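Enquirer: The file below is final-v8.tsv, TSV, N, CA and C atoms and all ligand atoms:
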```tsv
chain	number	residue	atom	x	y	z
I	1	MET	N	12.48	11.15	-60.87
I	1	MET	CA	11.88	9.89	-61.30
I	1	MET	C	12.57	9.29	-62.51
I	2	VAL	N	13.09	10.16	-63.40
I	2	VAL	CA	13.91	9.61	-64.48
I	2	VAL	C	15.37	9.72	-64.04
I	3	SER	N	16.17	8.69	-64.31
I	3	SER	CA	17.50	8.66	-63.72
I	3	SER	C	18.61	9.05	-64.68
I	4	LYS	N	18.41	8.83	-65.96
I	4	LYS	CA	19.44	9.23	-66.93
I	4	LYS	C	18.88	9.11	-68.33
I	5	ILE	N	19.66	9.56	-69.31
I	5	ILE	CA	19.25	9.32	-70.69
I	5	ILE	C	19.64	7.89	-71.02
I	6	ASP	N	18.64	7.05	-71.25
I	6	ASP	CA	18.92	5.66	-71.58
I	6	ASP	C	19.48	5.55	-72.99
I	7	HIS	N	18.83	6.21	-73.91
I	7	HIS	CA	19.33	6.24	-75.29
I	7	HIS	C	18.70	7.36	-76.08
I	8	ILE	N	19.30	7.63	-77.23
I	8	ILE	CA	18.74	8.60	-78.18
I	8	ILE	C	18.40	7.83	-79.44
I	9	GLY	N	17.16	7.95	-79.88
I	9	GLY	CA	16.68	7.22	-81.06
I	9	GLY	C	16.82	8.07	-82.32
I	10	ILE	N	17.48	7.50	-83.32
I	10	ILE	CA	17.73	8.22	-84.57
I	10	ILE	C	17.13	7.45	-85.74
I	11	ALA	N	16.27	8.12	-86.49
I	11	ALA	CA	15.62	7.50	-87.66
I	11	ALA	C	16.54	7.59	-88.87
I	12	VAL	N	16.80	6.45	-89.50
I	12	VAL	CA	17.70	6.43	-90.65
I	12	VAL	C	17.06	5.67	-91.82
I	13	ASN	N	17.49	6.00	-93.03
I	13	ASN	CA	17.00	5.28	-94.21
I	13	ASN	C	17.66	3.92	-94.34
I	14	ASN	N	18.94	3.85	-94.00
I	14	ASN	CA	19.70	2.64	-94.22
I	14	ASN	C	20.54	2.31	-92.99
I	15	LEU	N	20.14	1.25	-92.31
I	15	LEU	CA	20.79	0.89	-91.04
I	15	LEU	C	22.28	0.57	-91.22
I	16	ASP	N	22.60	-0.18	-92.27
I	16	ASP	CA	24.00	-0.56	-92.48
I	16	ASP	C	24.90	0.66	-92.69
I	17	GLU	N	24.39	1.61	-93.47
I	17	GLU	CA	25.15	2.84	-93.71
I	17	GLU	C	25.31	3.62	-92.40
I	18	ALA	N	24.25	3.69	-91.64
I	18	ALA	CA	24.28	4.45	-90.37
I	18	ALA	C	25.23	3.78	-89.38
I	19	ILE	N	25.22	2.45	-89.34
I	19	ILE	CA	26.13	1.72	-88.44
I	19	ILE	C	27.58	2.06	-88.80
I	20	LYS	N	27.85	2.13	-90.10
I	20	LYS	CA	29.22	2.48	-90.55
I	20	LYS	C	29.65	3.81	-89.94
I	21	LEU	N	28.74	4.78	-89.97
I	21	LEU	CA	29.07	6.10	-89.42
I	21	LEU	C	29.37	6.01	-87.92
I	22	TYR	N	28.46	5.41	-87.18
I	22	TYR	CA	28.62	5.42	-85.72
I	22	TYR	C	29.70	4.46	-85.23
I	23	LYS	N	29.84	3.34	-85.92
I	23	LYS	CA	30.82	2.34	-85.49
I	23	LYS	C	32.20	2.62	-86.09
I	24	ASP	N	32.27	2.70	-87.40
I	24	ASP	CA	33.58	2.80	-88.06
I	24	ASP	C	34.15	4.21	-88.01
I	25	VAL	N	33.30	5.21	-88.18
I	25	VAL	CA	33.81	6.58	-88.20
I	25	VAL	C	33.93	7.14	-86.78
I	26	LEU	N	32.87	7.01	-85.98
I	26	LEU	CA	32.88	7.59	-84.64
I	26	LEU	C	33.45	6.64	-83.57
I	27	GLY	N	33.52	5.35	-83.91
I	27	GLY	CA	34.17	4.40	-83.01
I	27	GLY	C	33.32	3.86	-81.88
I	28	LEU	N	32.01	3.97	-81.99
I	28	LEU	CA	31.13	3.40	-80.97
I	28	LEU	C	31.06	1.89	-81.13
I	29	GLU	N	30.75	1.22	-80.02
I	29	GLU	CA	30.67	-0.24	-80.05
I	29	GLU	C	29.25	-0.70	-80.36
I	30	LEU	N	29.13	-1.48	-81.43
I	30	LEU	CA	27.82	-2.04	-81.80
I	30	LEU	C	27.57	-3.26	-80.94
I	31	HIS	N	26.44	-3.30	-80.24
I	31	HIS	CA	26.22	-4.49	-79.44
I	31	HIS	C	24.85	-5.12	-79.64
I	32	GLY	N	24.29	-4.95	-80.81
I	32	GLY	CA	23.06	-5.67	-81.07
I	32	GLY	C	22.24	-5.06	-82.19
I	33	VAL	N	21.70	-5.95	-83.02
I	33	VAL	CA	20.76	-5.55	-84.06
I	33	VAL	C	19.55	-6.45	-83.91
I	34	GLU	N	18.37	-5.86	-83.95
I	34	GLU	CA	17.16	-6.61	-83.66
I	34	GLU	C	15.98	-6.05	-84.44
I	35	VAL	N	15.11	-6.94	-84.91
I	35	VAL	CA	13.87	-6.49	-85.56
I	35	VAL	C	12.77	-6.50	-84.51
I	36	VAL	N	12.08	-5.37	-84.37
I	36	VAL	CA	10.91	-5.33	-83.50
I	36	VAL	C	9.68	-5.24	-84.41
I	37	GLU	N	9.08	-6.41	-84.65
I	37	GLU	CA	7.96	-6.53	-85.61
I	37	GLU	C	6.83	-5.57	-85.28
I	38	GLU	N	6.48	-5.55	-84.01
I	38	GLU	CA	5.34	-4.75	-83.56
I	38	GLU	C	5.47	-3.28	-83.97
I	39	GLN	N	6.71	-2.78	-83.97
I	39	GLN	CA	6.90	-1.37	-84.33
I	39	GLN	C	7.45	-1.19	-85.74
I	40	LYS	N	7.54	-2.31	-86.46
I	40	LYS	CA	8.00	-2.28	-87.85
I	40	LYS	C	9.35	-1.56	-87.99
I	41	VAL	N	10.27	-1.94	-87.11
I	41	VAL	CA	11.61	-1.36	-87.17
I	41	VAL	C	12.70	-2.41	-87.01
I	42	LYS	N	13.83	-2.10	-87.63
I	42	LYS	CA	15.06	-2.82	-87.37
I	42	LYS	C	15.93	-1.85	-86.59
I	43	VAL	N	16.45	-2.33	-85.46
I	43	VAL	CA	17.11	-1.46	-84.51
I	43	VAL	C	18.56	-1.89	-84.29
I	44	ALA	N	19.46	-0.94	-84.22
I	44	ALA	CA	20.84	-1.23	-83.83
I	44	ALA	C	21.17	-0.38	-82.62
I	45	PHE	N	21.83	-1.00	-81.62
I	45	PHE	CA	22.26	-0.27	-80.43
I	45	PHE	C	23.76	-0.14	-80.41
I	46	LEU	N	24.24	1.06	-80.12
I	46	LEU	CA	25.67	1.32	-79.99
I	46	LEU	C	25.91	2.05	-78.68
I	47	SER	N	26.90	1.59	-77.92
I	47	SER	CA	27.19	2.20	-76.62
I	47	SER	C	28.01	3.46	-76.77
I	48	ILE	N	27.68	4.43	-75.93
I	48	ILE	CA	28.53	5.61	-75.78
I	48	ILE	C	28.50	6.00	-74.31
I	49	GLY	N	29.60	5.76	-73.60
I	49	GLY	CA	29.60	5.92	-72.15
I	49	GLY	C	28.58	4.99	-71.53
I	50	ASP	N	27.75	5.51	-70.62
I	50	ASP	CA	26.74	4.64	-70.04
I	50	ASP	C	25.37	4.87	-70.68
I	51	THR	N	25.40	5.45	-71.89
I	51	THR	CA	24.14	5.58	-72.61
I	51	THR	C	24.31	4.97	-74.01
I	52	GLU	N	23.29	5.09	-74.82
I	52	GLU	CA	23.34	4.41	-76.12
I	52	GLU	C	22.72	5.25	-77.23
I	53	ILE	N	23.16	4.93	-78.41
I	53	ILE	CA	22.52	5.46	-79.62
I	53	ILE	C	21.70	4.31	-80.19
I	54	GLU	N	20.44	4.58	-80.49
I	54	GLU	CA	19.55	3.58	-81.06
I	54	GLU	C	19.24	4.01	-82.49
I	55	LEU	N	19.72	3.25	-83.45
I	55	LEU	CA	19.45	3.57	-84.85
I	55	LEU	C	18.22	2.79	-85.29
I	56	LEU	N	17.31	3.45	-85.98
I	56	LEU	CA	16.03	2.85	-86.34
I	56	LEU	C	15.79	2.94	-87.84
I	57	GLU	N	15.65	1.78	-88.47
I	57	GLU	CA	15.28	1.74	-89.89
I	57	GLU	C	13.92	1.06	-90.00
I	58	SER	N	13.04	1.66	-90.77
I	58	SER	CA	11.70	1.08	-90.91
I	58	SER	C	11.75	-0.20	-91.74
I	59	THR	N	10.95	-1.19	-91.34
I	59	THR	CA	10.86	-2.42	-92.14
I	59	THR	C	9.62	-2.38	-93.04
I	60	SER	N	8.87	-1.29	-92.97
I	60	SER	CA	7.66	-1.16	-93.77
I	60	SER	C	7.38	0.31	-94.07
I	61	PRO	N	6.87	0.62	-95.28
I	61	PRO	CA	6.54	2.01	-95.58
I	61	PRO	C	5.42	2.55	-94.69
I	62	GLU	N	4.73	1.65	-94.02
I	62	GLU	CA	3.62	2.06	-93.13
I	62	GLU	C	4.08	2.27	-91.69
I	63	GLY	N	5.32	1.94	-91.39
I	63	GLY	CA	5.80	2.01	-90.00
I	63	GLY	C	5.98	3.45	-89.51
I	64	PRO	N	6.00	3.63	-88.20
I	64	PRO	CA	6.15	4.97	-87.63
I	64	PRO	C	7.47	5.66	-88.01
I	65	ILE	N	8.53	4.87	-88.18
I	65	ILE	CA	9.81	5.49	-88.57
I	65	ILE	C	9.77	5.95	-90.03
I	66	ALA	N	9.13	5.17	-90.89
I	66	ALA	CA	8.97	5.58	-92.29
I	66	ALA	C	8.16	6.87	-92.37
I	67	LYS	N	7.10	6.93	-91.57
I	67	LYS	CA	6.24	8.13	-91.56
I	67	LYS	C	7.01	9.34	-91.02
I	68	PHE	N	7.84	9.10	-90.00
I	68	PHE	CA	8.64	10.19	-89.42
I	68	PHE	C	9.58	10.75	-90.48
I	69	ILE	N	10.29	9.85	-91.19
I	69	ILE	CA	11.25	10.30	-92.20
I	69	ILE	C	10.54	11.00	-93.35
I	70	GLU	N	9.37	10.50	-93.70
I	70	GLU	CA	8.57	11.11	-94.77
I	70	GLU	C	8.26	12.57	-94.46
I	71	THR	N	7.92	12.86	-93.22
I	71	THR	CA	7.53	14.24	-92.90
I	71	THR	C	8.70	15.09	-92.42
I	72	LYS	N	9.62	14.51	-91.67
I	72	LYS	CA	10.69	15.33	-91.08
I	72	LYS	C	12.08	15.03	-91.61
I	73	GLY	N	12.23	13.94	-92.35
I	73	GLY	CA	13.55	13.57	-92.81
I	73	GLY	C	14.29	12.75	-91.76
I	74	GLN	N	15.45	12.25	-92.11
I	74	GLN	CA	16.25	11.47	-91.16
I	74	GLN	C	16.70	12.37	-90.00
I	75	GLY	N	16.92	11.76	-88.86
I	75	GLY	CA	17.44	12.54	-87.74
I	75	GLY	C	16.96	12.03	-86.41
I	76	ILE	N	17.20	12.83	-85.36
I	76	ILE	CA	16.81	12.42	-84.01
I	76	ILE	C	15.29	12.30	-83.94
I	77	GLN	N	14.84	11.12	-83.50
I	77	GLN	CA	13.40	10.84	-83.49
I	77	GLN	C	12.85	10.87	-82.07
I	78	HIS	N	13.60	10.35	-81.10
I	78	HIS	CA	13.12	10.40	-79.72
I	78	HIS	C	14.29	10.38	-78.73
I	79	ILE	N	13.98	10.79	-77.50
I	79	ILE	CA	14.93	10.69	-76.40
I	79	ILE	C	14.30	9.77	-75.37
I	80	ALA	N	15.09	8.79	-74.92
I	80	ALA	CA	14.55	7.82	-73.95
I	80	ALA	C	15.16	8.08	-72.58
I	81	PHE	N	14.29	8.25	-71.59
I	81	PHE	CA	14.72	8.40	-70.21
I	81	PHE	C	14.54	7.08	-69.48
I	82	LYS	N	15.52	6.75	-68.69
I	82	LYS	CA	15.44	5.52	-67.92
I	82	LYS	C	14.56	5.73	-66.69
I	83	VAL	N	13.67	4.78	-66.46
I	83	VAL	CA	12.83	4.79	-65.26
I	83	VAL	C	12.92	3.41	-64.60
I	84	GLY	N	12.65	3.38	-63.29
I	84	GLY	CA	12.71	2.12	-62.57
I	84	GLY	C	11.49	1.25	-62.83
I	85	ASP	N	10.34	1.91	-62.98
I	85	ASP	CA	9.08	1.20	-63.14
I	85	ASP	C	8.22	1.98	-64.13
I	86	VAL	N	8.07	1.44	-65.31
I	86	VAL	CA	7.42	2.20	-66.38
I	86	VAL	C	5.93	2.42	-66.11
I	87	GLU	N	5.26	1.47	-65.48
I	87	GLU	CA	3.84	1.67	-65.15
I	87	GLU	C	3.65	2.83	-64.16
I	88	ALA	N	4.49	2.82	-63.14
I	88	ALA	CA	4.43	3.89	-62.14
I	88	ALA	C	4.75	5.24	-62.78
I	89	ALA	N	5.71	5.25	-63.68
I	89	ALA	CA	6.10	6.49	-64.35
I	89	ALA	C	4.95	7.00	-65.22
I	90	LEU	N	4.28	6.07	-65.93
I	90	LEU	CA	3.14	6.46	-66.76
I	90	LEU	C	2.01	7.06	-65.92
I	91	ALA	N	1.73	6.40	-64.79
I	91	ALA	CA	0.66	6.88	-63.91
I	91	ALA	C	0.99	8.29	-63.40
I	92	GLU	N	2.25	8.49	-63.04
I	92	GLU	CA	2.66	9.80	-62.55
I	92	GLU	C	2.57	10.87	-63.64
I	93	MET	N	3.00	10.52	-64.84
I	93	MET	CA	2.95	11.46	-65.97
I	93	MET	C	1.51	11.86	-66.28
I	94	LYS	N	0.62	10.88	-66.23
I	94	LYS	CA	-0.80	11.13	-66.51
I	94	LYS	C	-1.38	12.08	-65.45
I	95	GLU	N	-1.03	11.78	-64.20
I	95	GLU	CA	-1.49	12.61	-63.10
I	95	GLU	C	-0.98	14.05	-63.23
I	96	LYS	N	0.20	14.20	-63.80
I	96	LYS	CA	0.78	15.54	-63.98
I	96	LYS	C	0.28	16.22	-65.25
I	97	GLY	N	-0.69	15.58	-65.91
I	97	GLY	CA	-1.34	16.22	-67.06
I	97	GLY	C	-0.70	15.96	-68.41
I	98	MET	N	0.24	15.03	-68.45
I	98	MET	CA	0.88	14.71	-69.73
I	98	MET	C	-0.05	13.88	-70.61
I	99	ARG	N	0.04	14.15	-71.91
I	99	ARG	CA	-0.69	13.30	-72.85
I	99	ARG	C	0.18	12.09	-73.16
I	100	LEU	N	-0.41	10.92	-73.14
I	100	LEU	CA	0.36	9.70	-73.38
I	100	LEU	C	0.04	9.12	-74.75
I	101	ILE	N	1.04	8.58	-75.41
I	101	ILE	CA	0.79	7.78	-76.61
I	101	ILE	C	0.42	6.37	-76.17
I	102	ASP	N	1.17	5.87	-75.18
I	102	ASP	CA	0.92	4.52	-74.67
I	102	ASP	C	0.33	4.58	-73.27
I	103	GLU	N	-0.87	4.05	-73.12
I	103	GLU	CA	-1.48	3.95	-71.79
I	103	GLU	C	-0.84	2.79	-71.02
I	104	LYS	N	-0.38	1.79	-71.79
I	104	LYS	CA	0.28	0.63	-71.18
I	104	LYS	C	1.65	0.47	-71.84
I	105	PRO	N	2.61	-0.08	-71.08
I	105	PRO	CA	3.95	-0.29	-71.66
I	105	PRO	C	3.90	-1.26	-72.83
I	106	ARG	N	4.82	-1.07	-73.76
I	106	ARG	CA	4.96	-2.04	-74.84
I	106	ARG	C	6.38	-2.59	-74.83
I	107	TYR	N	6.57	-3.61	-75.64
I	107	TYR	CA	7.88	-4.25	-75.72
I	107	TYR	C	8.82	-3.40	-76.57
I	108	GLY	N	10.02	-3.18	-76.07
I	108	GLY	CA	11.02	-2.45	-76.83
I	108	GLY	C	12.22	-3.35	-77.12
I	109	ALA	N	13.10	-2.88	-77.99
I	109	ALA	CA	14.29	-3.65	-78.33
I	109	ALA	C	15.11	-3.92	-77.07
I	110	GLY	N	15.81	-5.04	-77.07
I	110	GLY	CA	16.68	-5.38	-75.95
I	110	GLY	C	15.92	-5.81	-74.70
I	111	GLY	N	14.63	-6.16	-74.87
I	111	GLY	CA	13.84	-6.64	-73.73
I	111	GLY	C	13.36	-5.52	-72.81
I	112	ALA	N	13.49	-4.28	-73.25
I	112	ALA	CA	13.04	-3.16	-72.42
I	112	ALA	C	11.52	-3.07	-72.42
I	113	ARG	N	10.98	-2.43	-71.39
I	113	ARG	CA	9.56	-2.10	-71.39
I	113	ARG	C	9.48	-0.60	-71.56
I	114	ILE	N	8.75	-0.17	-72.59
I	114	ILE	CA	8.79	1.24	-72.95
I	114	ILE	C	7.39	1.82	-73.12
I	115	ALA	N	7.32	3.15	-73.06
I	115	ALA	CA	6.08	3.86	-73.34
I	115	ALA	C	6.44	5.27	-73.78
I	116	PHE	N	5.63	5.82	-74.68
I	116	PHE	CA	5.92	7.15	-75.21
I	116	PHE	C	4.93	8.19	-74.68
I	117	LEU	N	5.48	9.38	-74.42
I	117	LEU	CA	4.63	10.54	-74.11
I	117	LEU	C	4.35	11.26	-75.42
I	118	HIS	N	3.22	11.93	-75.49
I	118	HIS	CA	2.87	12.61	-76.75
I	118	HIS	C	3.65	13.91	-76.90
I	119	PRO	N	4.27	14.12	-78.08
I	119	PRO	CA	5.06	15.34	-78.30
I	119	PRO	C	4.24	16.64	-78.12
I	120	LYS	N	2.92	16.53	-78.25
I	120	LYS	CA	2.08	17.74	-78.06
I	120	LYS	C	2.17	18.25	-76.62
I	121	SER	N	2.48	17.36	-75.67
I	121	SER	CA	2.59	17.85	-74.29
I	121	SER	C	4.04	17.94	-73.82
I	122	THR	N	5.00	17.77	-74.73
I	122	THR	CA	6.42	17.85	-74.33
I	122	THR	C	7.21	18.78	-75.26
I	123	ASP	N	6.57	19.84	-75.69
I	123	ASP	CA	7.23	20.84	-76.55
I	123	ASP	C	7.86	20.24	-77.80
I	124	GLY	N	7.18	19.24	-78.35
I	124	GLY	CA	7.62	18.71	-79.65
I	124	GLY	C	8.63	17.58	-79.59
I	125	VAL	N	9.07	17.23	-78.37
I	125	VAL	CA	10.05	16.14	-78.26
I	125	VAL	C	9.32	14.83	-77.95
I	126	LEU	N	9.58	13.82	-78.76
I	126	LEU	CA	9.02	12.51	-78.46
I	126	LEU	C	9.86	11.89	-77.35
I	127	ILE	N	9.23	11.72	-76.17
I	127	ILE	CA	9.94	11.19	-75.01
I	127	ILE	C	9.50	9.75	-74.77
I	128	GLU	N	10.50	8.88	-74.66
I	128	GLU	CA	10.25	7.49	-74.33
I	128	GLU	C	10.64	7.25	-72.88
I	129	LEU	N	9.79	6.56	-72.15
I	129	LEU	CA	10.14	6.09	-70.81
I	129	LEU	C	10.58	4.65	-70.98
I	130	CYS	N	11.74	4.31	-70.42
I	130	CYS	CA	12.34	3.01	-70.71
I	130	CYS	C	12.77	2.33	-69.42
I	131	GLU	N	12.25	1.14	-69.21
I	131	GLU	CA	12.60	0.33	-68.03
I	131	GLU	C	13.40	-0.88	-68.50
I	132	ARG	N	14.55	-1.07	-67.90
I	132	ARG	CA	15.38	-2.24	-68.21
I	132	ARG	C	15.70	-2.98	-66.94
I	133	LYS	N	15.78	-4.28	-67.08
I	133	LYS	CA	16.16	-5.08	-65.91
I	133	LYS	C	17.64	-4.96	-65.68
I	201	ZN	ZN	13.98	4.07	-78.08
```
Will you turn the file into structure tokens for me?
Expert:
Amino acid sequence: MVSKIDHIGIAVNNLDEAIKLYKDVLGLELHGVEVVEEQKVKVAFLSIGDTEIELLESTSPEGPIAKFIETKGQGIQHIAFKVGDVEAALAEMKEKGMRLIDEKPRYGAGGARIAFLHPKSTDGVLIELCERK
């Protein structure tokens, strides 16, 4: 049901500094920076093969990325799996006994429709289901 790793989400303190690392040092192609108000994040996407690195900087001390960094420090925050239909994927996950953070899809950067599974039912990994047109 999941077809590939769509992207890996990395929580950073400073987006510009992080972009320097991934773009200038590692040579990935930056193809978009976007603020997602609803999630209080500024996001940068960089391509690597047919997947992406998603860098996330909090726009508010109250945001989920700020809280993540506060407790765990900077680093990998979530792994996003590509799905064809996020509603169908959520229904299937629920039926299989997964705990969901999102009962309904929400808007993600780049026009994606996304939903998160709860790390308590995925061995501590925050898994995002991601549908893109
Ligand atoms: Zn993501």
Enquirer: At most 6 Å from (16.5, -4.9, -67.4), file frame, only N, CA and C atoms: which residues, as a PyMOL selection string?
Expert: chain I and resi 131-133
Enquirer: Give me, as a PyMOL selection string, all polymer residues having an atom no more than 6.5 Å from segment 74-86 of chain I, counting only N, CA and C atoms and skipping those fewer than 4 positions away in the same chain.
Expert: chain I and resi 1-13+68-69+90-91+105+113+125-132
Enquirer: Name the closest residue to ligand ZN 201 (chain I) among the candidates I:Glu54, I:Glu62, I:Glu70, I:Asp102; distances are taken between atoms, counting only C-alpha atoms and all ligand atoms.
Expert: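 Counting only C-alpha atoms and all ligand atoms, the residue closest to ligand ZN 201 (chain I) is I:Glu54.
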Enquirer: Where does DSSP see helix (DSSP H, G or I) in segment 19-124 of chain I, if you list the residues as an NGL selection string?
Expert: :I and (19-25 or 37-39 or 64-72 or 86-95 or 109-111 or 119-121)
Enquirer: By how many Å are atom CA of Leu56 of chain I and atom C of Lys104 of chain I apart?
Expert: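 Interatomic distance, atom CA of Leu56 of chain I to atom C of Lys104 of chain I: 20.6 Å.
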Enquirer: Starting from the point (19.5, -0.5, -87.8), work out which residues of protein, DNA or RNA have an atom no more than 6.5 Å away when counting all atoms listed in the file; state them as an MDAnalysis selection string.
Expert: chainID I and resid 14:16 33 42:44 55:57
